[in-house]
Structure formats: C-alpha cells, structure tokens
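Student: Sharing a structure below in structure tokens format, with a few things to ask.
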Amino acid sequence: MKDRNSVIGIMLMVGLTALYFMFAPKPDPKPQEQANEIAAQTEQTNENAATEEGSTETTGEVPTLNDSIRQAQMNSVHGAFAPLMKGEEQFITVTTDKLEITLSSHGGRIVDAKLRDYKTFDSLPLPIVSKELTHDLFFEFVNKQTSQQVISRDLYFTSADWREINISGDETKELVLTAQVGEGQTLQQVYTFHGNTYDLGYSIKMNGMKPYLKNRYYELKWKAEIPKTEKDIKLQRQKTQLVYMQVDDLERIGGMSDDPEEEQVKGDANWISYKSQFFSHALIAKGEPMHSPRFTLTTPVESQEVVKEMYADFQLDLPTTEESSHDFVMYMGPNEFKTLKSYKVGLQKEMDLGYLFISQINIGTIYVFKFFERYISNYGLIILIFAILIKLIVFPLTYKSYVSMAKLRVLNGTPEMKELDEKHKGDPQKQQVEKMAIYRKMGVSPLGGCLPMLLQWPILISMFFFFPQSIELRQKAFLWAHDLSTYDSIMELGFPIPGYGDHVSLFTILMAISIYVYTFFQQKSQPTNAAMPFMKYLPYIFPIIFVVFLNNYASGLSWYYFAANIISIIQTTSIRASLNDEKLLAEMRSNLSKGGKNGKKGGGKKSGGRLEGWVQKQQRKQEEAMRQRQAGNKGAPNRSAKRKK
C-alpha cells in the first residue's frame, strides 16, 4: 500500500513538471546573444540613417529615433555648438589678378590656393595650398558650459555671398563666413581680397561669446604640408624653413638637415612664415602679436610630393568685452625682395642672402638685376653683363695684383735671388727673411698679389647664396639650360653617383675648364716657391671639387663663374702683353738705389708696410726662437753620452 502511494506521488510530480515546461513562458536570451542582436540592429539603423541623412536635411523629414539619440548626445557634449557640427559642405572660389583661392564652408578655411603668375617645374598651376595635401588654419577654445574644446574646423559656416567671385586692379572684396551660435552670438571669419596683390586680410571675430569662453584666451593653430614645386626636391627641402620674427630678432627652423625640429618660444611673434625655396605663405599679426608660439617641423624623406610638414600654434588674448577681433595679413606669393619689403615688417629678411656684408652685396645685386631686366629679357645675357660689370669694377685691383706678381717673378729670376736661394737652401726661414728685406728695399710687396684677390672673395661667396634662390632666375632659359635657378643637364646617367648626382651639367664642366686655363695663365705670372714647390699643383685640384659640388647647383651660378673666368683670362693676357720684364726690373733697381720706394726705407704704402712689418716681426720671433733652441742643444749633454757614462 505504501509502495503504491509512493509510485503515484512520483508520477504526479513528473506530470506536473512536464505541464510546467509545456505551458510556462520562454526565458530571455542570453546576455551575450542579446548584446549581439542589439549591436546588429544598431549597425543597420546607422547605415540606414547615413543613407537617408542627406534627404532628411533637404526634405525636412522627421529624424529617426537613432538620430534623436545621437543628437541628444551631441548636445550634451557640445552644447549650443552641436547644431553647427552638421551641414552640407560648400565651396567658393575667389579669383584675383595674382591668386586663385578656394574656401570651404566646413571650417571656413582655405583648401586650395594657386599663384596665377607662376607655374611648377612641370608647367602646372603653382600651389601655395594644395587640396591634395593637408592644410588647416583653425582656432579653438574651451566651452565654459561643457568643458569641451570648440574647434572651428568642425563647424559649418554660412555666407550671404556663396558664389564665384572675380576681382581685379584696385578692387577689394570682403567675404564674411558666420557660425550662428545663438541670438546675437556668432563666430566669424572675415577674408578681405585685393585685386592686384599677393596678400589678403584675415580676421577672427567673436560676438556675444562671453558665456561660452572658459579662458581669457583662445588658440590659433596652423598645420601645412609644403608641396613640391621645383625640379630638385632635395634642394627645395634645403631652402625650405619655418621663419618667425620676434620684434627685430629673426629666427629660422629647418634647412639642410632632415631631422625633425620642435621649438617652444618664450615671448611673442610678430609674423610666421612657411618659406619654401622661391615662395612663402606667411601670417602677419596686425596689432596684438602672437603669444607663446610653439613650432614643429618634420621632413617626410620618403615622399616625392611633400617637401616639409610644418605646424605652429599660439595664443590670442580675449578682452573682457562682448566683442573681440584679431586681424592678420596673409601673404601667399614669391620671395621677391622688393615685394616682401613693402609690408614694412621685415618680411624680406626671411630670404637667406648670407651674413653681414654678404647680404648687402646680394641686395645690391638684386637691384642691379632689376635694372637690367627693364631693357633685357634674357637673364643669361644679364648674368654675362653683370659679370663684365663686376670685372670692370675690380679691374684696378686685378691690375695691381698682376703687376705685383710679375715683379716678384722677375725679381726671383735674377742671379742675385737665385744665389740667395742656393745660399740658404737648408734654412727656409732665413731665406725668407733675406728675401723680405730685398723686397722691401726694391718697393715690392709679396702680399700685393694676394690682398686684391681676397677683396673679391665676398662677391664670389655672395653668388652662392644669390643664384639658388633668386626668383628672378626661376624658369628663365639660356642656351641648353631650361632653368637658370636649377642644374642644367646634357646627359642623364640613369644611376646616381654619390656626391655627384645622376646627370652631367655642361655649365659646370665648362666652368672647371675655364678655371684650369685661368690657373695656367696665373702660374706663368707667379713666382715659384722654392720652399713649397707642391703649392703650384694645389690650384689644379679645386676645379675637380667644383665639378662635384656644383653639378646639382643652380646653372646660373656656373654660367656666371664661367663668364667671369673667361673675362679674367682676357684681362690677364692683355696685362701680360702690356708689361715689359726689363722695365719692371729697371724700376725696382731704381727704387733700390734711392733707398726704397718713395725714397723711404721699407717702401710701399703705409698699409702694405705695416702688414709686411708684422710678417717680418713674426719671422724674427721664429728665427730668435730657433737660435735659442740651437744654443740650448749645444749646451746640453748628449743623451747617448749620458747613458755611456
């Protein structure tokens, strides 16, 4: 009985359990499965929202639930600026006599800017700002209500004049881009275009924004990739720098090295320029300077399109009033000395024309070139005329140098001097002292041939700075050279030679040959140096160095040196033909009989006499020191004798 009751109880429990699973509600999915399902639904919703977003904006349809959630999130993060972060990007192109600039409503920024008067090395429109590369000039500040950054490049700006604009001559056009935050609350970027200049005005205006500004300042940031515009990207990189001015103190970042550079500046900057080899993009502050600027410059060596990457950021103070405005001049144009100087802020100093008096020589050279440019269109001929002009100016020095060397050559060839050389053959110092005494009595300066040549070196050095960055020479052809501002090539090697390049420059070879010929004529007029005979071979080594060094340099420089050497050869041969060795020797013997040139012992002009006196004094000191050492050696016991003892 008990067993039967137990069996019945078990059967009832099994039955009740079966009925429960048959009629009970199904449980919720597992948490992971539920999350995956929600994610899939959300992704599908977002895709649908993305495809329908444009039509929603234009047709005014009611946004989906997902759009509403997303907008609520945007509002919580960005507050009153959230509606300005959504819109349709529009473009406007402004064309002036000098520039063609395209602006975007997204950020109110310049996305493309070209110079109308210049072309790239491959004859394309020359970009200062390239739409294919990064260029961002934007401002940002902290929103007091949300503690989040408000960045101008994220906002959509509107304009009442969103159309194509063409201006020329003395015309001026103001384009106002506005971001409406609230009633009477606006952010504005104002561009002022001029018909016939390379600059435009740029202003940042804030109206009624005080409730949103957490700090008493905001930041302006500028990031740009400098596009390749020249044939030789390596040379363009060497000449591309970030330049800024602090009061009257010019600073440069970048240059020859490809290493990244970063600099935090103490103080203010009056202007900042992203300077390339021939062109610049500069931002010039009007009124209040730029505070605490920070700069970064990097070189993408693997790129053949980007020369340098530049970045700058700085602070601009905000007034306590409801309205604020910061004004700038934006320059986009050539590195032309007169044009840069016209801005009267020292912008022309960004041109690397050399140091101290070297830069002054180059400034003078620029004005000379500009003068000849009025009458001669071929810059190859202008360089030739310039070389002739320089040689005529220094001809008196050249003549004096040659005559001085000829006198030394004639004098050293006399039996008396040869006998002196033989007498002091084993003592070069004694030989030189004796010769100096004879030179002085005969009115001959051994330095007369050197000093005039040294005075010409600043001109030669200045040309190294001038030609590779002279905008006047850019894309000016002459003979086989298509561009005098870069190298000429008569043959492509197909492979690079370290230090030399992958091409052959004919102007460089001609220049080297002219140096050999000029050296040959110079050696004929110079006295031989018995003490250092190897010196006569040294001038023949320099042409080889020049061939390697100048093969990748501006062909205008090689052409100038070649022309200058040919003129020097003509001058040297002409002077040599006009001189008579016997007359020179008779003149020197006459000076000797009179007790020295001008009847004064020591002869020569005061400056030459002082210099020769200094040389003689140094030689006497050396001679005295040698005598003392010899006397000391005689008095000192022999070391080997000491050891024997």
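We name chains A, B, ... following the order of the structure tokens; residues begin at 1 in each chain, and ligands are numbered from 1 as shown.
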Skipping near chain neighbours, those fewer than 3 positions away, what residues fall within 7 Å of region 145-147 of chain A using only C-alpha atoms, listed as a PyMOL selection string?

Tutor: chain A and resi 77-79+142+212

Student: Among region 139-304 of chain A, which residues carry a DSSP assignment of alpha helix (DSSP H), reported as a PyMOL selection string?

Tutor: chain A and resi 233-238

Student: If we count only C-alpha atoms and set the cut-off at 10 Å, which residues sit around Gly267 (chain A), ignoring sequence neighbours fewer than 6 positions away in its own chain? Please answer as a list in words.

Tutor: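 Listing them by chain and then by number gives Gln246, Val247, Pro289, Met290, His291, Ser292 and Pro293 of chain A.
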
Student: What would the file look like if the residues just selected were written as an mmCIF file, in the first residue's frame with C-alpha atoms?

Tutor:
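Once written, result_31.cif looks like this:
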```cif
data_model
loop_
_atom_site.group_PDB
_atom_site.id
_atom_site.type_symbol
_atom_site.label_atom_id
_atom_site.label_comp_id
_atom_site.auth_asym_id
_atom_site.auth_seq_id
_atom_site.Cartn_x
_atom_site.Cartn_y
_atom_site.Cartn_z
ATOM 1 C CA GLN A 246 60.303 88.418 -32.568
ATOM 2 C CA VAL A 247 60.429 92.228 -32.541
ATOM 3 C CA PRO A 289 51.310 89.785 -31.539
ATOM 4 C CA MET A 290 51.047 86.009 -31.251
ATOM 5 C CA HIS A 291 51.753 84.781 -27.718
ATOM 6 C CA SER A 292 53.803 81.736 -26.662
ATOM 7 C CA PRO A 293 54.198 80.196 -30.126
#
```

Student: Report as a ChimeraX atom specification all protein, DNA and RNA residues lying within 6 Å of region 254-258 of chain A, evaluated on only C-alpha atoms, omitting residues in the same chain fewer than 3 positions from it.

Tutor: /A:238-239,241,299

Student: Which of these, A:Phe562, A:Phe279, A:Phe91, A:Tyr553, has the shortest distance to Phe466 (chain A) once you count only C-alpha atoms?

Tutor: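 The shortest atom-to-atom distance to Phe466 (chain A) comes from A:Tyr553.
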
Student: Env of region 387-392 of chain A: 10 Å cut, atoms = only C-alpha atoms, seq-sep filter 4 positions within chain, self excluded. Answer as a VMD selection string.

Tutor: chain A and resid 381 to 383 396 to 398 456 459 559 to 568 571

Student: Which residue, A:Met436, A:Val329, A:Val394, A:Ile471, has the smallest gap to Ile366 (chain A) when you use only C-alpha atoms?

Tutor: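 Nearest to Ile366 (chain A): A:Ile471.
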
Student: As a ChimeraX atom specification, please: the residues near Ala160 (chain A) (cut-off 10 Å, only C-alpha atoms, same-chain neighbours under 3 positions excluded).

Tutor: /A:163,175-178

Student: What's around Phe467 (chain A) at 9 Å? Count only C-alpha atoms, leave out sequence neighbours fewer than 2 positions away in its own chain, and write the answer as a short mmCIF file (atom, residue, chain, number, x, y, z; two decimals) with N, CA, C and O atoms, in the first residue's frame.

Tutor:
```cif
data_model
loop_
_atom_site.label_atom_id
_atom_site.label_comp_id
_atom_site.auth_asym_id
_atom_site.auth_seq_id
_atom_site.Cartn_x
_atom_site.Cartn_y
_atom_site.Cartn_z
N SER A 462 79.03 85.61 -52.17
CA SER A 462 77.65 86.08 -52.18
C SER A 462 76.83 85.43 -53.29
O SER A 462 75.63 85.22 -53.14
N MET A 463 77.49 85.10 -54.41
CA MET A 463 76.78 84.48 -55.51
C MET A 463 76.27 83.09 -55.16
O MET A 463 75.26 82.63 -55.70
N PHE A 464 76.94 82.40 -54.22
CA PHE A 464 76.47 81.09 -53.77
C PHE A 464 75.10 81.20 -53.10
O PHE A 464 74.28 80.30 -53.21
N PHE A 465 74.88 82.29 -52.39
CA PHE A 465 73.59 82.50 -51.74
C PHE A 465 72.54 83.00 -52.73
O PHE A 465 71.36 82.66 -52.62
N GLN A 469 68.33 80.81 -55.02
CA GLN A 469 67.02 81.21 -54.51
C GLN A 469 66.53 82.53 -55.10
O GLN A 469 65.64 83.18 -54.55
N SER A 470 67.10 82.91 -56.23
CA SER A 470 66.68 84.14 -56.90
C SER A 470 65.43 83.87 -57.74
O SER A 470 65.49 83.17 -58.74
N ILE A 471 64.32 84.46 -57.33
CA ILE A 471 63.06 84.28 -58.07
C ILE A 471 63.18 84.86 -59.47
O ILE A 471 62.49 84.44 -60.40
N LEU A 473 65.57 84.42 -61.52
CA LEU A 473 66.16 83.43 -62.43
C LEU A 473 65.26 82.22 -62.64
O LEU A 473 65.51 81.42 -63.55
N LEU A 484 67.66 78.59 -65.11
CA LEU A 484 68.93 79.02 -64.54
C LEU A 484 68.96 78.92 -63.02
O LEU A 484 70.03 79.06 -62.41
N SER A 485 67.82 78.66 -62.40
CA SER A 485 67.80 78.54 -60.94
C SER A 485 68.05 77.12 -60.46
O SER A 485 68.16 76.87 -59.26
N THR A 486 68.15 76.17 -61.40
CA THR A 486 68.45 74.79 -61.04
C THR A 486 69.51 74.26 -62.01
O THR A 486 69.98 74.98 -62.89
N TYR A 553 73.92 72.24 -58.50
CA TYR A 553 73.61 73.61 -58.09
C TYR A 553 72.97 74.37 -59.25
O TYR A 553 72.83 73.85 -60.36
N ALA A 554 72.59 75.61 -58.98
CA ALA A 554 71.95 76.44 -60.00
C ALA A 554 72.90 76.65 -61.18
O ALA A 554 74.05 77.04 -61.01
N SER A 555 72.40 76.40 -62.38
CA SER A 555 73.23 76.56 -63.58
C SER A 555 73.61 78.02 -63.79
O SER A 555 74.64 78.32 -64.40
N GLY A 556 72.79 78.95 -63.28
CA GLY A 556 73.12 80.37 -63.38
C GLY A 556 74.43 80.70 -62.68
O GLY A 556 75.19 81.56 -63.13
N LEU A 557 74.70 80.00 -61.56
CA LEU A 557 75.94 80.24 -60.83
C LEU A 557 77.14 79.74 -61.63
O LEU A 557 78.16 80.44 -61.74
#
```
